[in-house]
Amino acid sequence: MSKTANVVVIGKEYLLNGYVAVLVRGDVGSVKAATEAGSTAARRVGELISVHVIPRPFDETEKLLQYWSGARKTGDNTPG
């Protein structure tokens, strides 16, 4: 995914039952290209459940993404 387009992988979470969530950031076109390449690769090795691109995340979602990427602002009260 990250080699296909100008995106940054900010997180990877191993979930229950073998599910994996991968988060990438970048401009919308790059993220769509990267997720398309990633979904193609995922289908080759297993089952793809879902792909979701959030073009302009809400402030609350943006805070979660910043937390995952380690880009917390000074004075932020999130645990960590």
# chains A, B, ... in the order shown; residues from 1 in each chain; ligands from 1
call {"tool": "residues_around", "arguments": {"residues": "region 11-15 of chain A", "least_positions_apart": "2", "cutoff": "9 Å", "atoms": "only C-alpha atoms", "output": "VMD selection string"}}
result
chain A and resid 9 17 to 24 65 68 to 69
call {"tool": "write_last_selection", "arguments": {"atoms": "all heavy atoms", "output": "PDB file, in the first residue's frame"}}
result
ATOM      1  N   VAL A   9       1.621   4.832   6.657  1.00  0.00           N
ATOM      2  CA  VAL A   9       0.939   3.848   7.499  1.00  0.00           C
ATOM      3  C   VAL A   9       1.077   4.324   8.935  1.00  0.00           C
ATOM      4  O   VAL A   9       2.183   4.434   9.461  1.00  0.00           O
ATOM      5  CB  VAL A   9       1.553   2.439   7.328  1.00  0.00           C
ATOM      6  CG1 VAL A   9       0.872   1.445   8.262  1.00  0.00           C
ATOM      7  CG2 VAL A   9       1.450   1.980   5.885  1.00  0.00           C
ATOM      8  N   ASN A  17     -10.127 -12.961  16.253  1.00  0.00           N
ATOM      9  CA  ASN A  17     -10.434 -13.894  15.178  1.00  0.00           C
ATOM     10  C   ASN A  17      -9.607 -13.678  13.909  1.00  0.00           C
ATOM     11  O   ASN A  17     -10.060 -13.953  12.811  1.00  0.00           O
ATOM     12  CB  ASN A  17     -11.927 -13.858  14.839  1.00  0.00           C
ATOM     13  CG  ASN A  17     -12.784 -14.233  16.015  1.00  0.00           C
ATOM     14  OD1 ASN A  17     -12.415 -15.107  16.796  1.00  0.00           O
ATOM     15  ND2 ASN A  17     -13.906 -13.573  16.173  1.00  0.00           N
ATOM     16  N   GLY A  18      -8.416 -13.150  14.044  1.00  0.00           N
ATOM     17  CA  GLY A  18      -7.530 -13.015  12.897  1.00  0.00           C
ATOM     18  C   GLY A  18      -7.728 -11.768  12.064  1.00  0.00           C
ATOM     19  O   GLY A  18      -7.083 -11.596  11.037  1.00  0.00           O
ATOM     20  N   TYR A  19      -8.618 -10.877  12.465  1.00  0.00           N
ATOM     21  CA  TYR A  19      -8.825  -9.639  11.723  1.00  0.00           C
ATOM     22  C   TYR A  19      -7.675  -8.671  11.985  1.00  0.00           C
ATOM     23  O   TYR A  19      -7.119  -8.630  13.079  1.00  0.00           O
ATOM     24  CB  TYR A  19     -10.131  -8.956  12.142  1.00  0.00           C
ATOM     25  CG  TYR A  19     -11.374  -9.696  11.717  1.00  0.00           C
ATOM     26  CD1 TYR A  19     -12.227 -10.244  12.659  1.00  0.00           C
ATOM     27  CD2 TYR A  19     -11.695  -9.829  10.371  1.00  0.00           C
ATOM     28  CE1 TYR A  19     -13.368 -10.915  12.277  1.00  0.00           C
ATOM     29  CE2 TYR A  19     -12.839 -10.498   9.979  1.00  0.00           C
ATOM     30  CZ  TYR A  19     -13.669 -11.031  10.936  1.00  0.00           C
ATOM     31  OH  TYR A  19     -14.799 -11.696  10.555  1.00  0.00           O
ATOM     32  N   VAL A  20      -7.337  -7.889  10.968  1.00  0.00           N
ATOM     33  CA  VAL A  20      -6.299  -6.872  11.097  1.00  0.00           C
ATOM     34  C   VAL A  20      -6.839  -5.573  10.522  1.00  0.00           C
ATOM     35  O   VAL A  20      -7.420  -5.559   9.439  1.00  0.00           O
ATOM     36  CB  VAL A  20      -5.018  -7.271  10.330  1.00  0.00           C
ATOM     37  CG1 VAL A  20      -3.956  -6.188  10.445  1.00  0.00           C
ATOM     38  CG2 VAL A  20      -4.487  -8.597  10.828  1.00  0.00           C
ATOM     39  N   ALA A  21      -6.659  -4.475  11.234  1.00  0.00           N
ATOM     40  CA  ALA A  21      -7.037  -3.148  10.745  1.00  0.00           C
ATOM     41  C   ALA A  21      -5.753  -2.368  10.480  1.00  0.00           C
ATOM     42  O   ALA A  21      -4.853  -2.346  11.319  1.00  0.00           O
ATOM     43  CB  ALA A  21      -7.881  -2.417  11.779  1.00  0.00           C
ATOM     44  N   VAL A  22      -5.661  -1.757   9.301  1.00  0.00           N
ATOM     45  CA  VAL A  22      -4.489  -0.961   8.925  1.00  0.00           C
ATOM     46  C   VAL A  22      -4.966   0.458   8.630  1.00  0.00           C
ATOM     47  O   VAL A  22      -5.922   0.644   7.876  1.00  0.00           O
ATOM     48  CB  VAL A  22      -3.781  -1.553   7.690  1.00  0.00           C
ATOM     49  CG1 VAL A  22      -2.588  -0.703   7.302  1.00  0.00           C
ATOM     50  CG2 VAL A  22      -3.361  -2.986   7.947  1.00  0.00           C
ATOM     51  N   LEU A  23      -4.323   1.451   9.232  1.00  0.00           N
ATOM     52  CA  LEU A  23      -4.690   2.842   9.007  1.00  0.00           C
ATOM     53  C   LEU A  23      -3.592   3.536   8.223  1.00  0.00           C
ATOM     54  O   LEU A  23      -2.407   3.416   8.568  1.00  0.00           O
ATOM     55  CB  LEU A  23      -4.886   3.571  10.335  1.00  0.00           C
ATOM     56  CG  LEU A  23      -6.222   3.305  11.021  1.00  0.00           C
ATOM     57  CD1 LEU A  23      -6.168   1.998  11.770  1.00  0.00           C
ATOM     58  CD2 LEU A  23      -6.557   4.434  11.944  1.00  0.00           C
ATOM     59  N   VAL A  24      -3.986   4.264   7.175  1.00  0.00           N
ATOM     60  CA  VAL A  24      -3.041   5.049   6.386  1.00  0.00           C
ATOM     61  C   VAL A  24      -3.557   6.471   6.274  1.00  0.00           C
ATOM     62  O   VAL A  24      -4.761   6.711   6.365  1.00  0.00           O
ATOM     63  CB  VAL A  24      -2.808   4.455   4.972  1.00  0.00           C
ATOM     64  CG1 VAL A  24      -2.192   3.083   5.044  1.00  0.00           C
ATOM     65  CG2 VAL A  24      -4.077   4.421   4.163  1.00  0.00           C
ATOM     66  N   LEU A  65      -6.938   9.434  15.333  1.00  0.00           N
ATOM     67  CA  LEU A  65      -5.877   9.204  14.360  1.00  0.00           C
ATOM     68  C   LEU A  65      -4.558   9.812  14.823  1.00  0.00           C
ATOM     69  O   LEU A  65      -3.500   9.217  14.647  1.00  0.00           O
ATOM     70  CB  LEU A  65      -6.265   9.785  12.989  1.00  0.00           C
ATOM     71  CG  LEU A  65      -7.457   9.113  12.312  1.00  0.00           C
ATOM     72  CD1 LEU A  65      -7.842   9.879  11.055  1.00  0.00           C
ATOM     73  CD2 LEU A  65      -7.171   7.665  12.006  1.00  0.00           C
ATOM     74  N   TRP A  68      -3.099   7.476  17.453  1.00  0.00           N
ATOM     75  CA  TRP A  68      -2.497   6.281  16.850  1.00  0.00           C
ATOM     76  C   TRP A  68      -1.166   6.600  16.205  1.00  0.00           C
ATOM     77  O   TRP A  68      -0.239   5.808  16.238  1.00  0.00           O
ATOM     78  CB  TRP A  68      -3.434   5.697  15.795  1.00  0.00           C
ATOM     79  CG  TRP A  68      -4.397   4.716  16.341  1.00  0.00           C
ATOM     80  CD1 TRP A  68      -5.112   4.827  17.504  1.00  0.00           C
ATOM     81  CD2 TRP A  68      -4.756   3.471  15.764  1.00  0.00           C
ATOM     82  NE1 TRP A  68      -5.906   3.735  17.655  1.00  0.00           N
ATOM     83  CE2 TRP A  68      -5.710   2.889  16.615  1.00  0.00           C
ATOM     84  CE3 TRP A  68      -4.382   2.811  14.613  1.00  0.00           C
ATOM     85  CZ2 TRP A  68      -6.275   1.662  16.341  1.00  0.00           C
ATOM     86  CZ3 TRP A  68      -4.954   1.590  14.340  1.00  0.00           C
ATOM     87  CH2 TRP A  68      -5.882   1.024  15.197  1.00  0.00           C
ATOM     88  N   SER A  69      -1.058   7.779  15.588  1.00  0.00           N
ATOM     89  CA  SER A  69       0.167   8.110  14.870  1.00  0.00           C
ATOM     90  C   SER A  69       1.238   8.682  15.797  1.00  0.00           C
ATOM     91  O   SER A  69       2.347   8.943  15.369  1.00  0.00           O
ATOM     92  CB  SER A  69      -0.126   9.101  13.747  1.00  0.00           C
ATOM     93  OG  SER A  69      -0.572  10.333  14.262  1.00  0.00           O
TER      94      SER A  69
END
call {"tool": "atom_distance", "arguments": {"atom1": "CA of Ala33 (chain A)", "atom2": "CA of Thr4 (chain A)"}}
result
7.1 Å
call {"tool": "residues_around", "arguments": {"residues": "Leu48 (chain A)", "least_positions_apart": "2", "cutoff": "12 Å", "atoms": "only C-alpha atoms", "output": "list in words"}}
result
Gly18, Tyr19, Val20, Ala21, Thr35, Glu36, Gly38, Ser39, Thr40, Ala41, Ala42, Arg43, Arg44, Val45, Gly46, Ser50, Val51 and His52 of chain A
call {"tool": "write_last_selection", "arguments": {"atoms": "N, CA and C atoms", "output": "short mmCIF file (atom, residue, chain, number, x, y, z; two decimals), in the first residue's frame"}}
result
data_model
loop_
_atom_site.label_atom_id
_atom_site.label_comp_id
_atom_site.auth_asym_id
_atom_site.auth_seq_id
_atom_site.Cartn_x
_atom_site.Cartn_y
_atom_site.Cartn_z
N GLY A 18 -8.42 -13.15 14.04
CA GLY A 18 -7.53 -13.01 12.90
C GLY A 18 -7.73 -11.77 12.06
N TYR A 19 -8.62 -10.88 12.47
CA TYR A 19 -8.83 -9.64 11.72
C TYR A 19 -7.67 -8.67 11.98
N VAL A 20 -7.34 -7.89 10.97
CA VAL A 20 -6.30 -6.87 11.10
C VAL A 20 -6.84 -5.57 10.52
N ALA A 21 -6.66 -4.47 11.23
CA ALA A 21 -7.04 -3.15 10.74
C ALA A 21 -5.75 -2.37 10.48
N THR A 35 -5.39 1.98 -0.84
CA THR A 35 -6.33 0.98 -0.33
C THR A 35 -6.76 0.01 -1.43
N GLU A 36 -6.82 0.48 -2.66
CA GLU A 36 -7.13 -0.42 -3.77
C GLU A 36 -6.01 -1.45 -3.94
N GLY A 38 -3.86 -2.36 -1.62
CA GLY A 38 -3.87 -3.20 -0.42
C GLY A 38 -4.99 -4.22 -0.45
N SER A 39 -6.16 -3.82 -0.94
CA SER A 39 -7.28 -4.76 -1.00
C SER A 39 -7.01 -5.87 -2.02
N THR A 40 -6.36 -5.54 -3.13
CA THR A 40 -6.00 -6.55 -4.12
C THR A 40 -5.02 -7.56 -3.51
N ALA A 41 -4.04 -7.07 -2.79
CA ALA A 41 -3.05 -7.95 -2.15
C ALA A 41 -3.71 -8.81 -1.06
N ALA A 42 -4.63 -8.22 -0.30
CA ALA A 42 -5.30 -8.96 0.77
C ALA A 42 -6.15 -10.10 0.20
N ARG A 43 -6.80 -9.85 -0.91
CA ARG A 43 -7.63 -10.90 -1.54
C ARG A 43 -6.79 -12.07 -2.02
N ARG A 44 -5.53 -11.79 -2.39
CA ARG A 44 -4.65 -12.87 -2.86
C ARG A 44 -4.25 -13.81 -1.73
N VAL A 45 -4.13 -13.29 -0.52
CA VAL A 45 -3.64 -14.12 0.60
C VAL A 45 -4.73 -14.55 1.57
N GLY A 46 -5.92 -13.98 1.44
CA GLY A 46 -6.99 -14.33 2.37
C GLY A 46 -8.28 -13.64 1.99
N SER A 50 -13.48 -5.43 4.54
CA SER A 50 -13.95 -4.08 4.26
C SER A 50 -12.79 -3.12 4.01
N VAL A 51 -13.07 -2.10 3.20
CA VAL A 51 -12.15 -0.98 3.00
C VAL A 51 -12.98 0.28 3.18
N HIS A 52 -12.46 1.22 3.96
CA HIS A 52 -13.21 2.45 4.20
C HIS A 52 -12.26 3.64 4.19
#
call {"tool": "select_by_dssp", "arguments": {"residues": "chain A", "states": "helix (DSSP H, G or I)", "output": "MDAnalysis selection string"}}
result
chainID A and resid 16:18 28:45 59:69
call {"tool": "residues_around", "arguments": {"residues": "Ile54 (chain A)", "least_positions_apart": "4", "cutoff": "10 Å", "atoms": "only C-alpha atoms", "output": "compact mmCIF listing (two decimals) with N, CA, C and O atoms, in the first residue's frame"}}
result
# COMPACT_ATOMS: atom_id res chain seq x y z
N ARG A 25 -2.65 7.41 6.10
CA ARG A 25 -3.01 8.82 5.95
C ARG A 25 -2.36 9.38 4.70
O ARG A 25 -1.29 8.96 4.31
N VAL A 28 -6.75 12.29 -0.38
CA VAL A 28 -7.81 11.33 -0.67
C VAL A 28 -7.47 10.44 -1.87
O VAL A 28 -7.64 9.23 -1.82
N VAL A 31 -4.82 7.89 -0.87
CA VAL A 31 -5.35 6.87 0.04
C VAL A 31 -6.22 5.89 -0.73
O VAL A 31 -6.14 4.68 -0.50
N LYS A 32 -7.01 6.38 -1.66
CA LYS A 32 -7.85 5.48 -2.45
C LYS A 32 -6.99 4.54 -3.29
O LYS A 32 -7.28 3.34 -3.39
N PHE A 58 -14.24 13.78 11.24
CA PHE A 58 -14.69 14.67 12.31
C PHE A 58 -13.54 14.91 13.27
O PHE A 58 -12.57 14.15 13.32
N THR A 61 -12.66 11.92 15.42
CA THR A 61 -11.93 10.90 14.67
C THR A 61 -10.49 11.34 14.44
O THR A 61 -9.57 10.54 14.54
call {"tool": "select_by_dssp", "arguments": {"residues": "chain A", "states": "strand (DSSP E or B)", "output": "ChimeraX atom specification"}}
result
/A:8-14,20-25
call {"tool": "closest_residue", "arguments": {"among": "A:Ile10, A:Met1, A:Ile49, A:Ala34", "to": "Leu64 (chain A)", "atoms": "only C-alpha atoms"}}
result
A:Ile10
call {"tool": "atom_distance", "arguments": {"atom1": "CA of Gln66 (chain A)", "atom2": "CA of Asp27 (chain A)"}}
result
15.7 Å
call {"tool": "atom_distance", "arguments": {"atom1": "CA of Val8 (chain A)", "atom2": "CA of Tyr67 (chain A)"}}
result
14.6 Å
